[in-house]
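Reading through the structure tokens given below for one structure.
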Amino acid sequence: MANTVLHKAATRGHANHGWLDSYHSFSFANYYNPERIHFGALRVLNDDTVSAAKGFGKHPHDNMEIISIPLQGDLQHEDSMGNVAVIKNGDIQAMSAGTGIFHSEFNKNKNEQVKFLQIWIFPNKKNVEPRYSQVTLNVDDRHNKLQEILSPNEKDGEVWIHQDAWFSLGKFDKDLSVEYDVKKKGNGVYAFVLNGDFSIDGQQLNNRDGFGIWDTDKISIKANSQDAEVLLMEVPMNV
Amino acid sequence: MKKIQILVICNHEEILQTIIRLINNNEKWNATGTADVEKAIELFHQHKFDLVLLGSGINDRDENKLRRIFTHQDPEIKIIQHFGGGSGLLSNEIEAALSDNEGGNFNVIDDPFKK
């Protein structure tokens, strides 16, 4: 029988620094909850809003896979590998910090906020060569179906990371149902509702709720509102 | 007030300096850092530490050696992996290790890379 954990949106950690308004699904910075450290290899899920022309100055990472998904607006990225890029709404970026990198992330727009998800996954290999990749996703590929956007393998149309993890996005008409097959035995799935309402394996979920399921092979997903959107993150549970 | 003494070992010099600075910004903590494994062992022999942070660039052989030597000398020593000083996880990692909490279904003191 499947095991589950529910993280309602309002129970997330919250920090408002003025230029940054951030909700933490797992312990981060000054938010520490021993019951919310990680979900398998998923260590950080931050729901960030950054004010116009503001951002994160140069800071380091190592031995972490870092994924950024803008939901509104654009994010300018610069790193110590020499990459300079704008990650637009509709893109996904993956960075393997490996032996160590420094990077900055700024809201390029002078008039508009940027909203994005920052997701950190423990890698399955330490001290890899740092790397960066970015892909523009086709939004039509997730209408009423699940679009794979990240995996352990290099494929067209998605990013890859050093971990047996798969991410999918879906945007559904009301009452549409799909099933998600877990791709690797021993993995769990953390569903994060980006918009609207869902039932996932019978659990009612609303905007920005998180729901983790493990010890199962298959997950049933039903949209309870029009244009409901969900991000599924399948990750190893045994870390 | 006695400060918590933290030994940081990290092969990336710039990240090491960032972590030391961030730790020392907390008035309750004091960081000593090195990129050199032998120097780390020497420091551990000379001083009493409450916590060891292992960072990037430490290969498995050196990590196993450090863990073996440190736990032999101080079986109570807490040794944790960290993920870059500006990461937002640093305070969490330290607080969790010092509070001896087993957070969620994962003990933060464990090595997430250990199979």
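Simple scheme: letters A, B, ... for chains in structure tokens order, numbers from 1 for residues in each chain, numbers from 1 for ligands in the order shown.
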Practice problem: Up to 6 Å from chain B, what residues of chain A turn up? Count only C-alpha atoms and give them as JSON, numbers by chain. | Solution: {"A": [28, 29, 34, 35, 36, 37, 59, 60, 61, 62, 63, 99, 127, 239]}
Please list as a short mmCIF file (atom, residue, chain, number, x, y, z; two decimals) with N, CA and C atoms, in the first residue's frame every residue within 6 Å of segment 160-176 of chain A, counting only C-alpha atoms and excluding residues in the same chain fewer than 4 positions away.
data_model
loop_
_atom_site.label_atom_id
_atom_site.label_comp_id
_atom_site.auth_asym_id
_atom_site.auth_seq_id
_atom_site.Cartn_x
_atom_site.Cartn_y
_atom_site.Cartn_z
N PRO A 123 22.40 14.72 -5.96
CA PRO A 123 22.83 13.91 -7.12
C PRO A 123 23.21 12.50 -6.69
N ASN A 124 23.36 11.62 -7.68
CA ASN A 124 23.78 10.25 -7.38
C ASN A 124 25.28 10.07 -7.55
N ARG A 142 1.89 19.57 -23.13
CA ARG A 142 1.41 19.20 -21.79
C ARG A 142 -0.09 19.46 -21.64
N HIS A 143 -0.77 19.70 -22.76
CA HIS A 143 -2.20 19.93 -22.66
C HIS A 143 -2.91 18.59 -22.58
N ASN A 144 -3.54 18.37 -21.44
CA ASN A 144 -4.26 17.12 -21.18
C ASN A 144 -3.39 15.87 -21.21
N LYS A 145 -2.12 16.06 -20.95
CA LYS A 145 -1.20 14.92 -20.82
C LYS A 145 0.03 15.37 -20.04
N LEU A 146 0.83 14.39 -19.63
CA LEU A 146 2.04 14.69 -18.87
C LEU A 146 3.22 14.80 -19.82
N GLN A 147 3.91 15.91 -19.72
CA GLN A 147 5.08 16.19 -20.56
C GLN A 147 6.34 15.98 -19.73
N GLU A 148 7.18 15.06 -20.14
CA GLU A 148 8.43 14.84 -19.43
C GLU A 148 9.37 16.02 -19.73
N ILE A 149 9.91 16.64 -18.68
CA ILE A 149 10.76 17.83 -18.87
C ILE A 149 12.17 17.63 -18.31
N LEU A 150 12.37 16.53 -17.58
CA LEU A 150 13.68 16.26 -16.98
C LEU A 150 13.81 14.77 -16.75
N SER A 151 15.02 14.26 -16.96
CA SER A 151 15.28 12.84 -16.74
C SER A 151 16.78 12.65 -16.50
N PRO A 152 17.22 11.39 -16.24
CA PRO A 152 18.66 11.16 -16.10
C PRO A 152 19.39 11.08 -17.45
N ASN A 153 18.63 11.13 -18.54
CA ASN A 153 19.21 10.86 -19.86
C ASN A 153 19.14 12.10 -20.74
N GLU A 154 20.15 12.26 -21.55
CA GLU A 154 20.15 13.40 -22.46
C GLU A 154 19.19 13.12 -23.61
N LYS A 222 -6.45 13.49 -11.30
CA LYS A 222 -7.66 14.03 -11.94
C LYS A 222 -7.72 15.52 -11.69
N ALA A 223 -7.97 16.27 -12.76
CA ALA A 223 -8.09 17.73 -12.65
C ALA A 223 -9.51 18.06 -12.21
N ASN A 224 -9.61 18.87 -11.16
CA ASN A 224 -10.93 19.25 -10.66
C ASN A 224 -11.30 20.68 -11.03
N SER A 225 -10.44 21.31 -11.81
CA SER A 225 -10.75 22.67 -12.27
C SER A 225 -10.17 22.84 -13.67
N GLN A 226 -10.65 23.85 -14.35
CA GLN A 226 -10.18 24.10 -15.71
C GLN A 226 -8.76 24.68 -15.67
N ASP A 227 -7.93 24.22 -16.61
CA ASP A 227 -6.53 24.69 -16.71
C ASP A 227 -5.73 24.40 -15.44
N ALA A 228 -6.07 23.31 -14.81
CA ALA A 228 -5.30 22.90 -13.63
C ALA A 228 -3.91 22.43 -14.08
N GLU A 229 -2.88 22.86 -13.33
CA GLU A 229 -1.50 22.52 -13.71
C GLU A 229 -0.79 21.86 -12.54
N VAL A 230 0.01 20.87 -12.88
CA VAL A 230 0.73 20.15 -11.83
C VAL A 230 2.14 19.82 -12.31
N LEU A 231 3.09 19.83 -11.36
CA LEU A 231 4.46 19.40 -11.59
C LEU A 231 4.66 18.11 -10.79
N LEU A 232 5.06 17.05 -11.48
CA LEU A 232 5.37 15.79 -10.81
C LEU A 232 6.88 15.62 -10.78
N MET A 233 7.41 15.31 -9.60
CA MET A 233 8.86 15.10 -9.44
C MET A 233 9.07 13.71 -8.89
N GLU A 234 9.54 12.80 -9.75
CA GLU A 234 9.83 11.44 -9.31
C GLU A 234 11.30 11.38 -8.90
N VAL A 235 11.56 10.91 -7.69
CA VAL A 235 12.93 10.89 -7.17
C VAL A 235 13.18 9.62 -6.37
#
Quiz prompt | Atom-to-atom span, atom CA of Asn46 of chain A and atom CA of Asn30 of chain B, Å | solution =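 Computing it gives 28.6 Å between the two atoms.
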Practice problem: List the neighbours of Lys2 of chain B out to 12 Å using only C-alpha atoms; skip same-chain residues closer than 6 positions along the sequence, and give me the result as a ChimeraX atom specification. | Solution: /B:27-30,49-50
Practice problem: Could you pull out the residues in chain B that DSSP calls alpha helix (DSSP H) from the backbone, as a ChimeraX atom specification? | Solution: /B:13-25,37-46,60-73,90-99
I need the chosen residues saved as a short mmCIF file (atom, residue, chain, number, x, y, z; two decimals), in the first residue's frame, with N, CA and C atoms.
data_model
loop_
_atom_site.label_atom_id
_atom_site.label_comp_id
_atom_site.auth_asym_id
_atom_site.auth_seq_id
_atom_site.Cartn_x
_atom_site.Cartn_y
_atom_site.Cartn_z
N GLU B 13 38.53 26.59 -2.96
CA GLU B 13 39.00 27.62 -2.03
C GLU B 13 37.99 28.75 -1.86
N GLU B 14 37.38 29.18 -2.95
CA GLU B 14 36.46 30.31 -2.85
C GLU B 14 35.19 29.93 -2.08
N ILE B 15 34.71 28.72 -2.30
CA ILE B 15 33.54 28.27 -1.54
C ILE B 15 33.92 28.11 -0.08
N LEU B 16 35.09 27.58 0.18
CA LEU B 16 35.56 27.42 1.56
C LEU B 16 35.53 28.77 2.28
N GLN B 17 36.07 29.80 1.66
CA GLN B 17 36.12 31.11 2.30
C GLN B 17 34.71 31.67 2.51
N THR B 18 33.82 31.41 1.57
CA THR B 18 32.42 31.86 1.72
C THR B 18 31.77 31.19 2.92
N ILE B 19 31.98 29.88 3.04
CA ILE B 19 31.37 29.14 4.15
C ILE B 19 31.91 29.63 5.48
N ILE B 20 33.22 29.83 5.55
CA ILE B 20 33.83 30.32 6.79
C ILE B 20 33.24 31.67 7.17
N ARG B 21 33.11 32.53 6.19
CA ARG B 21 32.55 33.87 6.46
C ARG B 21 31.11 33.77 6.95
N LEU B 22 30.32 32.94 6.29
CA LEU B 22 28.91 32.82 6.68
C LEU B 22 28.76 32.23 8.07
N ILE B 23 29.57 31.23 8.37
CA ILE B 23 29.50 30.63 9.70
C ILE B 23 29.91 31.65 10.75
N ASN B 24 30.97 32.38 10.49
CA ASN B 24 31.46 33.35 11.48
C ASN B 24 30.54 34.57 11.62
N ASN B 25 29.62 34.75 10.66
CA ASN B 25 28.61 35.81 10.81
C ASN B 25 27.63 35.49 11.94
N VAL B 37 43.46 17.81 3.31
CA VAL B 37 42.99 16.72 4.17
C VAL B 37 43.94 16.50 5.35
N GLU B 38 45.24 16.51 5.09
CA GLU B 38 46.21 16.28 6.18
C GLU B 38 46.17 17.42 7.18
N LYS B 39 45.99 18.62 6.68
CA LYS B 39 45.86 19.78 7.57
C LYS B 39 44.60 19.65 8.42
N ALA B 40 43.55 19.14 7.82
CA ALA B 40 42.31 18.94 8.55
C ALA B 40 42.52 17.97 9.71
N ILE B 41 43.25 16.90 9.45
CA ILE B 41 43.52 15.91 10.49
C ILE B 41 44.35 16.54 11.60
N GLU B 42 45.32 17.32 11.20
CA GLU B 42 46.17 18.00 12.19
C GLU B 42 45.33 18.94 13.05
N LEU B 43 44.47 19.71 12.42
CA LEU B 43 43.61 20.64 13.16
C LEU B 43 42.71 19.88 14.13
N PHE B 44 42.19 18.75 13.67
CA PHE B 44 41.27 17.98 14.50
C PHE B 44 41.99 17.44 15.73
N HIS B 45 43.27 17.07 15.55
CA HIS B 45 44.05 16.58 16.70
C HIS B 45 44.34 17.71 17.69
N GLN B 46 44.50 18.92 17.16
CA GLN B 46 44.94 20.04 18.01
C GLN B 46 43.79 20.73 18.73
N ASP B 60 36.11 10.03 -2.22
CA ASP B 60 35.56 9.03 -1.30
C ASP B 60 36.65 8.48 -0.38
N ARG B 61 37.84 8.26 -0.94
CA ARG B 61 38.92 7.68 -0.13
C ARG B 61 39.29 8.63 1.01
N ASP B 62 39.45 9.91 0.68
CA ASP B 62 39.80 10.89 1.71
C ASP B 62 38.66 11.06 2.71
N GLU B 63 37.44 11.03 2.21
CA GLU B 63 36.30 11.20 3.12
C GLU B 63 36.26 10.04 4.11
N ASN B 64 36.44 8.83 3.61
CA ASN B 64 36.42 7.66 4.51
C ASN B 64 37.54 7.76 5.54
N LYS B 65 38.70 8.23 5.08
CA LYS B 65 39.84 8.39 5.99
C LYS B 65 39.52 9.40 7.07
N LEU B 66 38.97 10.54 6.67
CA LEU B 66 38.63 11.59 7.64
C LEU B 66 37.60 11.07 8.64
N ARG B 67 36.57 10.43 8.15
CA ARG B 67 35.52 9.92 9.04
C ARG B 67 36.10 8.92 10.04
N ARG B 68 36.97 8.06 9.54
CA ARG B 68 37.56 7.02 10.40
C ARG B 68 38.41 7.66 11.49
N ILE B 69 39.27 8.58 11.11
CA ILE B 69 40.18 9.22 12.07
C ILE B 69 39.39 10.06 13.06
N PHE B 70 38.43 10.83 12.56
CA PHE B 70 37.70 11.73 13.44
C PHE B 70 36.84 10.96 14.44
N THR B 71 36.16 9.93 13.97
CA THR B 71 35.28 9.21 14.89
C THR B 71 36.07 8.34 15.86
N HIS B 72 37.27 7.95 15.45
CA HIS B 72 38.14 7.22 16.39
C HIS B 72 38.58 8.13 17.54
N GLN B 73 38.92 9.35 17.17
CA GLN B 73 39.36 10.30 18.20
C GLN B 73 38.19 10.80 19.03
N LEU B 90 22.99 25.98 4.64
CA LEU B 90 24.09 25.90 5.59
C LEU B 90 23.58 25.97 7.03
N SER B 91 22.74 26.96 7.31
CA SER B 91 22.22 27.08 8.68
C SER B 91 21.41 25.87 9.07
N ASN B 92 20.58 25.41 8.14
CA ASN B 92 19.77 24.21 8.38
C ASN B 92 20.65 23.02 8.73
N GLU B 93 21.69 22.84 7.92
CA GLU B 93 22.55 21.68 8.10
C GLU B 93 23.19 21.71 9.48
N ILE B 94 23.66 22.90 9.86
CA ILE B 94 24.36 23.02 11.14
C ILE B 94 23.37 22.87 12.29
N GLU B 95 22.26 23.60 12.21
CA GLU B 95 21.27 23.53 13.30
C GLU B 95 20.76 22.10 13.49
N ALA B 96 20.48 21.44 12.39
CA ALA B 96 19.95 20.07 12.48
C ALA B 96 20.97 19.14 13.09
N ALA B 97 22.22 19.27 12.68
CA ALA B 97 23.26 18.40 13.22
C ALA B 97 23.46 18.66 14.72
N LEU B 98 23.44 19.91 15.09
CA LEU B 98 23.69 20.24 16.50
C LEU B 98 22.52 19.86 17.39
N SER B 99 21.31 19.90 16.81
CA SER B 99 20.15 19.55 17.62
C SER B 99 19.95 18.07 17.70
#
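Here the residues within chain B that DSSP labels strand (DSSP E or B) on the basis of the backbone are Ile4, Gln5, Ile6, Leu7, Val8, Ile9, Trp29, Asn30, Ala31, Thr32, Gly33, Thr34, Leu51, Val52, Leu53, Leu54, Lys78, Ile79, Ile80 and Gln81 of chain B.
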Those selected residues, please, written with C-alpha atoms and delivered as a PDB file, in the first residue's frame.
ATOM      1  CA  ILE B   4      30.287  26.103  18.629  1.00  0.00           C
ATOM      2  CA  GLN B   5      33.503  25.093  16.880  1.00  0.00           C
ATOM      3  CA  ILE B   6      33.073  23.951  13.314  1.00  0.00           C
ATOM      4  CA  LEU B   7      35.766  22.445  11.092  1.00  0.00           C
ATOM      5  CA  VAL B   8      35.104  22.992   7.385  1.00  0.00           C
ATOM      6  CA  ILE B   9      36.955  20.909   4.798  1.00  0.00           C
ATOM      7  CA  TRP B  29      29.577  29.695  15.763  1.00  0.00           C
ATOM      8  CA  ASN B  30      33.265  29.758  14.886  1.00  0.00           C
ATOM      9  CA  ALA B  31      34.661  28.187  11.723  1.00  0.00           C
ATOM     10  CA  THR B  32      38.109  26.860  11.004  1.00  0.00           C
ATOM     11  CA  GLY B  33      38.650  25.773   7.448  1.00  0.00           C
ATOM     12  CA  THR B  34      41.104  24.028   5.206  1.00  0.00           C
ATOM     13  CA  LEU B  51      30.940  19.614  14.089  1.00  0.00           C
ATOM     14  CA  VAL B  52      32.741  18.810  10.843  1.00  0.00           C
ATOM     15  CA  LEU B  53      31.405  19.968   7.459  1.00  0.00           C
ATOM     16  CA  LEU B  54      32.643  18.065   4.418  1.00  0.00           C
ATOM     17  CA  LYS B  78      29.051  14.982  14.077  1.00  0.00           C
ATOM     18  CA  ILE B  79      30.196  14.924  10.463  1.00  0.00           C
ATOM     19  CA  ILE B  80      27.893  16.221   7.755  1.00  0.00           C
ATOM     20  CA  GLN B  81      27.978  16.948   4.069  1.00  0.00           C
TER      21      GLN B  81
END
Self-check item: Near-Thr136 of chain A list (12 Å; only C-alpha atoms; drop same-chain fewer than 2 positions) as a list in words
Solution: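 Counting only the stated atoms, we get Ile69, Pro70, Val86, Ile87, Lys88, Asn89, Gly90, Asp91, Ile92, Gln93, Ala94, Ser133, Gln134, Asn138, Val139, Asp141, Ile149, Leu150, Asp156, Gly157, Glu158 and Val159 of chain A.
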Quiz prompt | Neighbour list for Leu20 of chain A as a list of chain:residue names, cut-off 6 Å, only C-alpha atoms, skip fewer than 2 positions in-chain | solution = A:Asn16, A:His17, A:Gly18, A:Thr49, A:Val50
Practice problem: For Glu112 of chain A, list every protein, DNA or RNA residue within 10 Å, evaluated using only C-alpha atoms, and leave out those in the same chain fewer than 2 positions away; present the list as a list in words. | Solution: Val50, Ser51, Ala52, Ala53, Gln72, Gly73, Asp74, Asn107, Lys108, Asn109, Lys110, Val114 and Lys115 of chain A
